[in-house]
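Okay, model.cif now, which holds mmCIF, C-alpha atoms and all ligand atoms:
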data_entry
loop_
_atom_site.label_atom_id
_atom_site.label_comp_id
_atom_site.auth_asym_id
_atom_site.auth_seq_id
_atom_site.Cartn_x
_atom_site.Cartn_y
_atom_site.Cartn_z
CA MET X 18 6.25 30.53 -6.00
CA THR X 19 4.88 27.49 -4.19
CA SER X 20 7.65 24.92 -3.72
CA ARG X 21 7.12 21.25 -4.47
CA VAL X 22 8.10 18.01 -2.74
CA VAL X 23 7.18 14.66 -4.29
CA LEU X 24 6.89 11.04 -3.24
CA ILE X 25 8.19 8.83 -6.05
CA GLY X 26 7.19 5.16 -5.90
CA HIS X 27 5.11 2.49 -7.58
CA PRO X 28 2.46 2.40 -6.28
CA VAL X 29 2.01 5.43 -4.01
CA ALA X 30 -1.77 5.54 -3.69
CA HIS X 31 -1.98 4.64 -0.03
CA SER X 32 0.99 6.50 1.39
CA PHE X 33 0.47 8.34 4.69
CA SER X 34 3.49 10.57 3.93
CA GLY X 35 1.49 13.06 1.84
CA GLY X 36 -0.97 14.05 4.55
CA MET X 37 1.71 14.01 7.25
CA GLN X 38 4.13 16.27 5.36
CA GLN X 39 1.45 18.63 4.06
CA ALA X 40 0.16 19.12 7.62
CA ALA X 41 3.71 19.98 8.71
CA PHE X 42 4.23 22.46 5.85
CA ASP X 43 0.90 24.14 6.62
CA ALA X 44 1.51 24.29 10.38
CA LEU X 45 4.86 26.09 9.96
CA GLY X 46 3.70 28.33 7.10
CA VAL X 47 6.04 26.72 4.55
CA ASP X 48 4.63 27.51 1.10
CA ALA X 49 5.06 23.99 -0.30
CA ARG X 50 2.90 21.26 -1.81
CA TYR X 51 3.53 17.52 -1.34
CA GLU X 52 2.66 15.49 -4.46
CA LEU X 53 2.35 11.75 -5.09
CA TRP X 54 4.09 10.57 -8.25
CA ASP X 55 3.45 6.99 -9.32
CA ARG X 56 6.42 6.11 -11.54
CA ARG X 57 7.41 2.74 -12.92
CA PRO X 58 11.10 1.75 -12.73
CA LEU X 59 11.58 2.68 -16.42
CA ASP X 60 10.40 6.25 -15.72
CA LEU X 61 12.51 6.79 -12.61
CA ALA X 62 15.43 8.59 -14.33
CA ASP X 63 13.04 11.10 -15.97
CA ALA X 64 11.33 11.72 -12.63
CA ILE X 65 14.67 12.46 -10.95
CA ALA X 66 15.70 14.76 -13.82
CA GLU X 67 12.46 16.72 -13.27
CA LEU X 68 13.47 17.39 -9.64
CA ARG X 69 16.22 19.68 -10.95
CA GLY X 70 13.61 22.40 -11.60
CA ASP X 71 13.93 25.41 -9.29
CA ASP X 72 10.52 24.87 -7.72
CA PHE X 73 11.48 21.52 -6.11
CA LEU X 74 12.71 21.24 -2.51
CA GLY X 75 13.26 17.50 -2.90
CA ALA X 76 11.58 14.12 -2.74
CA ASN X 77 10.84 10.97 -0.81
CA ILE X 78 11.67 7.73 -2.57
CA THR X 79 9.74 4.58 -1.79
CA ILE X 80 9.10 0.99 -2.89
CA PRO X 81 10.59 -0.24 -5.27
CA HIS X 82 13.06 2.57 -6.15
CA LYS X 83 15.28 3.11 -3.08
CA GLU X 84 18.27 1.24 -4.48
CA HIS X 85 17.83 2.16 -8.16
CA VAL X 86 17.88 5.87 -7.38
CA VAL X 87 21.43 5.72 -5.97
CA PRO X 88 23.27 6.34 -9.30
CA LEU X 89 20.79 9.04 -10.34
CA VAL X 90 21.66 11.65 -7.68
CA ASP X 91 24.77 13.88 -7.68
CA LYS X 92 26.03 12.99 -4.22
CA LEU X 93 25.25 10.58 -1.40
CA THR X 94 25.63 11.16 2.31
CA GLU X 95 28.11 8.80 3.92
CA GLU X 96 25.24 6.82 5.41
CA ALA X 97 23.26 6.50 2.16
CA GLN X 98 26.48 5.39 0.46
CA ALA X 99 27.15 2.78 3.13
CA ILE X 100 23.56 1.47 2.94
CA GLY X 101 23.23 1.58 -0.84
CA ALA X 102 19.69 2.97 -0.62
CA VAL X 103 18.13 6.46 -0.64
CA ASN X 104 14.73 7.43 0.77
CA VAL X 105 15.11 11.22 0.68
CA ILE X 106 16.49 13.62 -1.92
CA ALA X 107 17.27 17.16 -0.81
CA ARG X 108 18.99 19.96 -2.70
CA ASP X 109 22.30 21.64 -2.12
CA GLY X 110 22.12 24.48 -4.64
CA LYS X 111 21.73 22.78 -8.01
CA LYS X 112 22.93 19.42 -6.67
CA LEU X 113 20.62 16.55 -5.69
CA ILE X 114 21.83 14.87 -2.50
CA GLY X 115 20.68 11.34 -1.60
CA HIS X 116 20.02 10.76 2.11
CA ASN X 117 18.76 7.82 4.14
CA THR X 118 16.52 8.78 7.06
CA ASP X 119 15.05 5.27 7.38
CA VAL X 120 18.04 4.32 9.54
CA ALA X 121 17.36 7.01 12.13
CA GLY X 122 13.63 6.28 11.91
CA PHE X 123 14.22 2.59 12.55
CA LYS X 124 16.62 3.27 15.44
CA ALA X 125 14.00 5.48 17.12
CA ALA X 126 11.39 2.73 16.66
CA LEU X 127 13.77 0.09 18.05
CA ASP X 128 14.38 2.22 21.15
CA LYS X 129 10.62 2.61 21.55
CA ILE X 130 9.84 -1.11 21.45
CA VAL X 131 12.75 -2.17 23.67
CA GLY X 132 12.10 0.65 26.14
CA ARG X 133 13.85 0.20 29.47
CA GLN X 134 14.77 -3.40 28.82
CA LYS X 135 18.25 -4.49 27.75
CA MET X 136 18.87 -4.01 24.01
CA PRO X 137 19.12 -7.45 22.38
CA ARG X 138 22.25 -8.38 20.44
CA TYR X 139 20.80 -10.95 18.03
CA ALA X 140 18.21 -10.19 15.32
CA VAL X 141 16.40 -11.90 12.46
CA VAL X 142 15.56 -9.62 9.50
CA LEU X 143 13.04 -10.60 6.82
CA GLY X 144 13.69 -8.90 3.45
CA ALA X 145 16.58 -7.58 1.41
CA GLY X 146 15.12 -4.50 -0.28
CA GLY X 147 15.77 -0.82 0.47
CA ALA X 148 14.10 -0.89 3.89
CA ALA X 149 15.89 -4.09 4.94
CA ARG X 150 19.21 -2.47 4.04
CA ALA X 151 18.48 0.47 6.35
CA VAL X 152 17.37 -1.90 9.14
CA THR X 153 20.44 -4.13 8.78
CA TYR X 154 22.78 -1.14 8.74
CA ALA X 155 21.12 0.23 11.90
CA LEU X 156 21.64 -3.13 13.63
CA ILE X 157 25.27 -3.42 12.47
CA THR X 158 26.08 0.07 13.72
CA GLY X 159 23.87 -0.37 16.81
CA GLY X 160 26.09 -2.99 18.44
CA PHE X 161 24.25 -6.17 17.38
CA GLN X 162 26.53 -9.21 17.34
CA ARG X 163 24.54 -11.56 15.10
CA VAL X 164 22.03 -10.66 12.36
CA VAL X 165 20.47 -13.31 10.11
CA VAL X 166 18.71 -12.18 6.94
CA PHE X 167 16.01 -14.22 5.20
CA ASN X 168 14.67 -13.25 1.80
CA ARG X 169 12.45 -14.89 -0.81
CA HIS X 170 15.25 -14.57 -3.37
CA LEU X 171 18.26 -15.74 -1.38
CA HIS X 172 20.78 -14.22 -3.82
CA ARG X 173 19.49 -10.73 -2.99
CA ALA X 174 20.06 -11.32 0.73
CA GLU X 175 23.51 -12.69 -0.05
CA GLY X 176 24.25 -9.59 -2.14
CA MET X 177 23.24 -7.39 0.78
CA VAL X 178 25.49 -9.32 3.17
CA ARG X 179 28.38 -8.94 0.72
CA HIS X 180 27.63 -5.21 0.41
CA PHE X 181 27.97 -4.79 4.18
CA GLY X 182 31.04 -7.03 4.34
CA ARG X 183 33.45 -4.43 5.65
CA SER X 184 31.12 -2.53 8.00
CA ALA X 185 29.99 -5.87 9.48
CA ALA X 186 33.48 -7.34 9.86
CA HIS X 187 33.24 -7.15 13.67
CA MET X 188 30.05 -9.25 13.89
CA ASP X 189 28.21 -12.24 12.43
CA LEU X 190 26.01 -11.14 9.50
CA ARG X 191 24.67 -13.91 7.30
CA ALA X 192 21.96 -14.76 4.77
CA MET X 193 19.98 -17.97 5.14
CA PRO X 194 17.48 -19.75 2.87
CA TRP X 195 13.81 -19.10 3.64
CA HIS X 196 12.81 -22.58 4.83
CA GLU X 197 10.46 -22.96 7.76
CA SER X 198 12.78 -25.31 9.65
CA VAL X 199 15.73 -22.88 9.31
CA LEU X 200 13.54 -19.91 10.30
CA GLU X 201 12.19 -21.79 13.31
CA ALA X 202 15.68 -22.67 14.51
CA GLU X 203 16.85 -19.05 14.20
CA LEU X 204 13.74 -17.63 15.86
CA ALA X 205 14.33 -19.91 18.83
CA LYS X 206 17.69 -18.19 19.36
CA THR X 207 16.79 -14.55 18.70
CA LYS X 208 15.12 -11.76 20.73
CA LEU X 209 14.26 -9.42 17.81
CA LEU X 210 12.37 -10.13 14.59
CA VAL X 211 11.93 -7.39 11.97
CA ASN X 212 9.66 -7.74 8.96
CA ALA X 213 11.11 -5.50 6.23
CA THR X 214 9.34 -7.27 3.37
CA SER X 215 6.14 -6.01 1.77
CA ILE X 216 4.33 -9.18 2.85
CA GLY X 217 1.42 -8.04 4.96
CA LEU X 218 0.45 -5.09 2.79
CA VAL X 219 -2.40 -7.38 1.76
CA PRO X 220 -4.55 -7.98 4.87
CA GLY X 221 -4.32 -11.51 6.23
CA GLU X 222 -0.94 -12.29 4.65
CA THR X 223 1.99 -12.96 6.95
CA PRO X 224 5.62 -13.82 6.21
CA ILE X 225 5.76 -16.37 9.05
CA PRO X 226 3.17 -18.95 10.09
CA ALA X 227 1.79 -18.22 13.57
CA GLU X 228 3.02 -21.52 15.01
CA LEU X 229 6.66 -20.60 14.30
CA LEU X 230 6.59 -17.55 16.60
CA PRO X 231 8.06 -18.21 20.06
CA PRO X 232 6.95 -16.10 23.06
CA ASP X 233 8.90 -13.13 24.49
CA LEU X 234 10.24 -11.76 21.20
CA PHE X 235 10.30 -8.13 20.14
CA VAL X 236 8.49 -8.19 16.78
CA MET X 237 8.60 -5.13 14.52
CA ASP X 238 6.72 -4.85 11.25
CA LEU X 239 7.72 -1.87 9.09
CA ILE X 240 4.24 -1.94 7.57
CA TYR X 241 1.94 0.57 9.21
CA ASN X 242 -1.48 -0.86 8.42
CA PRO X 243 -4.28 1.03 10.12
CA ALA X 244 -5.38 -2.38 11.34
CA GLN X 245 -2.52 -4.40 12.86
CA SER X 246 -0.72 -6.66 10.35
CA GLN X 247 -1.40 -10.38 10.57
CA LEU X 248 2.21 -10.94 11.69
CA LEU X 249 1.72 -8.56 14.62
CA LYS X 250 -1.67 -10.06 15.50
CA ASN X 251 -0.08 -13.52 15.63
CA ALA X 252 2.90 -12.20 17.58
CA ALA X 253 0.64 -10.53 20.15
CA ALA X 254 -1.22 -13.83 20.54
CA ALA X 255 2.15 -15.54 21.14
CA ARG X 256 2.84 -13.04 23.98
CA ASP X 257 5.49 -11.11 22.03
CA THR X 258 6.06 -7.35 22.32
CA ILE X 259 4.99 -5.74 19.04
CA LEU X 260 5.41 -2.46 17.13
CA ASN X 261 4.18 -1.50 13.66
CA GLY X 262 5.92 0.91 11.25
CA GLU X 263 4.10 4.10 12.26
CA HIS X 264 6.74 5.41 14.66
CA MET X 265 9.47 4.77 12.07
CA LEU X 266 7.37 6.58 9.45
CA LEU X 267 6.97 9.58 11.75
CA GLN X 268 10.66 9.74 12.67
CA GLN X 269 12.04 9.29 9.14
CA GLY X 270 9.45 11.82 7.92
CA ALA X 271 10.49 14.38 10.52
CA ARG X 272 14.11 14.14 9.39
CA SER X 273 13.04 14.41 5.74
CA PHE X 274 11.07 17.58 6.55
CA GLU X 275 14.10 19.10 8.24
CA LEU X 276 16.34 18.36 5.25
CA TRP X 277 13.93 20.08 2.84
CA THR X 278 13.01 23.11 4.94
CA GLY X 279 15.84 23.65 7.45
CA LYS X 280 13.12 23.89 10.15
CA VAL X 281 12.51 21.67 13.16
CA ALA X 282 9.68 19.29 12.26
CA PRO X 283 6.40 19.76 14.18
CA LEU X 284 6.24 16.19 15.47
CA ASP X 285 2.94 16.69 17.31
CA VAL X 286 1.25 17.97 14.14
CA MET X 287 2.63 15.07 12.09
CA GLN X 288 1.57 12.51 14.71
CA ALA X 289 -1.91 14.06 14.89
CA GLU X 290 -2.25 13.68 11.10
CA LEU X 291 -1.16 10.02 11.35
CA ASP X 292 -3.73 9.47 14.13
CA ARG X 293 -6.39 11.08 11.97
CA ALA X 294 -5.46 9.02 8.89
CA ARG X 295 -5.44 5.81 10.94
CA GLU X 296 -8.89 6.55 12.37
CA GLN X 297 -10.63 8.23 9.43
CA GLY X 298 -8.69 7.04 6.38
CA LEU X 299 -6.49 8.95 3.96
CA ARG X 300 -7.37 12.40 2.69
CA PRO X 301 -7.76 12.03 -1.09
CA MET X 302 -4.67 13.43 -2.85
CA PRO X 303 -4.33 13.61 -6.62
CA ILE X 304 -1.87 11.06 -7.95
CA ASP X 305 0.34 11.93 -10.90
CA MET X 306 0.80 8.74 -12.93
CA GLY X 307 3.32 10.26 -15.36
CA SER X 308 2.85 10.85 -19.06
CA ALA X 309 3.21 7.19 -20.05
CA SER X 310 0.43 5.88 -17.88
CA GLY X 311 -2.46 8.18 -18.70
CA GLN X 312 -5.18 8.95 -16.15
CA PRO X 313 -4.68 9.54 -12.45
CA VAL X 314 -5.81 6.57 -10.40
CA ASP X 315 -8.63 6.56 -7.94
CA PRO X 316 -6.99 6.86 -4.52
CA GLY X 317 -9.49 4.28 -3.27
CA ALA X 318 -8.29 1.61 -5.69
CA GLY X 319 -5.22 -0.62 -5.63
CA PRO X 320 -3.49 -2.32 -2.73
CA THR X 321 -5.16 -2.08 0.61
CA ALA X 322 -2.43 -0.76 2.85
CA PRO X 323 -0.14 2.23 3.05
CA ARG X 324 3.49 2.52 2.02
CA GLY X 325 6.50 4.13 3.63
P1 LIG X 401 11.55 -3.21 -1.82
O1 LIG X 401 10.68 -3.31 -3.01
O2 LIG X 401 12.88 -2.60 -1.95
O3 LIG X 401 11.72 -4.69 -1.16
C1 LIG X 401 10.61 -5.53 -0.97
C2 LIG X 401 11.00 -6.73 -0.12
O4 LIG X 401 9.83 -7.53 0.11
C3 LIG X 401 12.03 -7.66 -0.78
O5 LIG X 401 12.80 -8.26 0.22
C4 LIG X 401 11.12 -8.70 -1.46
O6 LIG X 401 11.75 -9.95 -1.66
C5 LIG X 401 10.04 -8.86 -0.42
N1 LIG X 401 8.78 -9.32 -0.99
C6 LIG X 401 7.88 -8.60 -1.69
N2 LIG X 401 6.83 -9.37 -2.04
C7 LIG X 401 7.08 -10.62 -1.53
C8 LIG X 401 6.37 -11.85 -1.56
N3 LIG X 401 5.18 -11.95 -2.14
N4 LIG X 401 6.92 -12.92 -0.93
C9 LIG X 401 8.11 -12.82 -0.31
N5 LIG X 401 8.86 -11.69 -0.27
C10 LIG X 401 8.33 -10.58 -0.87
O7 LIG X 401 10.65 -2.41 -0.73
P2 LIG X 401 11.17 -1.59 0.54
O8 LIG X 401 12.31 -2.32 1.12
O9 LIG X 401 11.31 -0.17 0.21
O10 LIG X 401 9.88 -1.70 1.52
C11 LIG X 401 9.55 -2.91 2.18
C12 LIG X 401 8.40 -2.67 3.15
O11 LIG X 401 8.78 -1.78 4.20
C13 LIG X 401 7.18 -2.03 2.49
O12 LIG X 401 6.02 -2.63 3.02
C14 LIG X 401 7.25 -0.58 2.94
O13 LIG X 401 5.96 0.02 2.99
C15 LIG X 401 7.83 -0.73 4.34
N6 LIG X 401 8.56 0.48 4.78
C16 LIG X 401 8.10 1.17 5.88
C17 LIG X 401 8.76 2.28 6.34
C18 LIG X 401 8.28 2.99 7.54
O14 LIG X 401 8.72 4.13 7.78
N7 LIG X 401 7.42 2.40 8.33
C19 LIG X 401 9.98 2.78 5.68
C20 LIG X 401 10.39 1.97 4.55
C21 LIG X 401 9.67 0.89 4.12
P3 LIG X 401 12.53 -10.28 -3.05
O15 LIG X 401 13.85 -9.57 -2.96
O16 LIG X 401 12.68 -11.76 -3.00
O17 LIG X 401 11.66 -9.77 -4.16
#
Output the file's structure in the form of structure tokens.
Ligand code: NDP
Amino acid sequence: MTSRVVLIGHPVAHSFSGGMQQAAFDALGVDARYELWDRRPLDLADAIAELRGDDFLGANITIPHKEHVVPLVDKLTEEAQAIGAVNVIARDGKKLIGHNTDVAGFKAALDKIVGRQKMPRYAVVLGAGGAARAVTYALITGGFQRVVVFNRHLHRAEGMVRHFGRSAAHMDLRAMPWHESVLEAELAKTKLLVNATSIGLVPGETPIPAELLPPDLFVMDLIYNPAQSQLLKNAAAARDTILNGEHMLLQQGARSFELWTGKVAPLDVMQAELDRAREQGLRPMPIDMGSASGQPVDPGAGPTAPRG
């Protein structure tokens, strides 16, 4: 029986995960098929219930479900519990276990951008969704001393700061209102800026006006647009060091693969598929829209950039 792994999100049309994971399954002779499931928030519980079938190895969870899926699994790893967000579901017998591999993926990407230089201790994070939670947790546990979170809806950033209250007791973690003057003042003090919002999925959009970016920052955008995001283009022009979300995607994906299959992920195969997708575009994959939504969508329609 061919096993199944699914990506559950809304939308999922432009995810690179499908091609990357399928290439890894095929390379190691794992008889499994990676499927894209576009599910609205109301249909999430049904989608998770479906994963209990014997043919499923597990799932990836993406925008906007990473937090809402937490109460729907049987058990969380300590890390997923601490973060309050799940991006991978794997099975332990009949049980569905919620994991978070975004943290390890982000840490690998942070090491890559900082390289041999000294790791900064002060960061500005944009966003307060599932990805921002993983980023903030990685910074808290990675020895950062001050992390300031900006989010469109301030109350969500404040909720995240409260959530991390105990694990961040040793450092300064705070939410601030998204006003240009406040952002500018914080950016002048920081060495690391991370965009963990979805702003930039639409080409040309950027969370921060170019003139606010000081030189000599490390700027990471979790978005992995085939063309560089506008934020990263502006940051490069300001003489900042930049990194998009591709390395994080690869690293979190490798850990997901290992949780589903118990095999060491073929990183070179996965990277080659990402290179191919970046250069030639996505391989068309059928998208299951769920019973409520009717027809599968055209993979060429919808938003113009890929998801994690
Ligand atoms: P969520 O839906 O959980 O959160 C989205 C975030 O973006 C929220 O902070 C939201 O703010 C903000 N946002 C969305 N639209 C706007 C807007 N128009 N103006 C201002 N703020 C906005 O998504 P995730 O956290 O799961 O994902 C966020 C991004 O990170 C996505 O682009 C995703 O593709 C990427 N990602 C990449 C990964 C990788 O491996 N490279 C891994 C995980 C994610 P508010 O709370 O105010 O609505």
What's the 8 Å shell around segment 103-114 of chain X, counting all atoms listed in the file, without same-chain residues fewer than 2 positions away, as a PyMOL selection string? chain X and resi 69+74-79+83-84+86-87+90-94+97+101+116-119+147+273+276-277
For the selection just defined, write its residues with C-alpha atoms to a file, as a compact mmCIF listing (two decimals), keeping the file's coordinate frame.
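After the write, out32.txt holds the following:
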# COMPACT_ATOMS: atom_id res chain seq x y z
CA ARG X 69 16.22 19.68 -10.95
CA LEU X 74 12.71 21.24 -2.51
CA GLY X 75 13.26 17.50 -2.90
CA ALA X 76 11.58 14.12 -2.74
CA ASN X 77 10.84 10.97 -0.81
CA ILE X 78 11.67 7.73 -2.57
CA THR X 79 9.74 4.58 -1.79
CA LYS X 83 15.28 3.11 -3.08
CA GLU X 84 18.27 1.24 -4.48
CA VAL X 86 17.88 5.87 -7.38
CA VAL X 87 21.43 5.72 -5.97
CA VAL X 90 21.66 11.65 -7.68
CA ASP X 91 24.77 13.88 -7.68
CA LYS X 92 26.03 12.99 -4.22
CA LEU X 93 25.25 10.58 -1.40
CA THR X 94 25.63 11.16 2.31
CA ALA X 97 23.26 6.50 2.16
CA GLY X 101 23.23 1.58 -0.84
CA HIS X 116 20.02 10.76 2.11
CA ASN X 117 18.76 7.82 4.14
CA THR X 118 16.52 8.78 7.06
CA ASP X 119 15.05 5.27 7.38
CA GLY X 147 15.77 -0.82 0.47
CA SER X 273 13.04 14.41 5.74
CA LEU X 276 16.34 18.36 5.25
CA TRP X 277 13.93 20.08 2.84
Per-residue nearest contacts of chain X to ligand LIG 401 (chain X) (6 Å; all atoms listed in the file) as CSV:
residue,atom,partner,partner_atom,distance
X:Thr79,CA,X:LIG401,O9,5.4
X:Ile80,CA,X:LIG401,O9,4.0
X:Pro81,CA,X:LIG401,O1,3.8
X:Asp119,CA,X:LIG401,C19,5.9
X:Gly144,CA,X:LIG401,O5,3.4
X:Ala145,CA,X:LIG401,O5,4.0
X:Gly146,CA,X:LIG401,O2,3.4
X:Gly147,CA,X:LIG401,O8,3.8
X:Ala148,CA,X:LIG401,O8,3.6
X:Ala149,CA,X:LIG401,O8,5.5
X:Asn168,CA,X:LIG401,O16,5.4
X:Arg169,CA,X:LIG401,O16,3.8
X:His170,CA,X:LIG401,O16,3.8
X:Arg173,CA,X:LIG401,O15,5.8
X:Ala213,CA,X:LIG401,O11,4.8
X:Thr214,CA,X:LIG401,O4,3.3
X:Ser215,CA,X:LIG401,O12,3.6
X:Ile216,CA,X:LIG401,C7,5.4
X:Leu239,CA,X:LIG401,N7,4.3
X:Ile240,CA,X:LIG401,O12,4.9
X:Tyr241,CA,X:LIG401,N7,5.8
X:Gly262,CA,X:LIG401,N7,3.6
X:Glu263,CA,X:LIG401,N7,5.4
X:Met265,CA,X:LIG401,O14,4.4
X:Leu266,CA,X:LIG401,O14,3.3
X:Arg324,CA,X:LIG401,O13,3.6
X:Gly325,CA,X:LIG401,C17,4.0
What is the distance, in Å and to one decimal place, between atom CA of Val22 of chain X and atom CA of Arg50 of chain X?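 We find that atom CA of Val22 of chain X and atom CA of Arg50 of chain X lie 6.2 Å from each other.
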Judged by only C-alpha atoms, the minimum distance to His27 of chain X among X:Gly70, X:Gly307, X:Gly115, X:Pro301 is found for X:Gly307
By how many Å are atom CA of Asp128 of chain X and atom CA of Gly160 of chain X apart?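 One can read the atom CA of Asp128 of chain X to atom CA of Gly160 of chain X distance as 13.1 Å.
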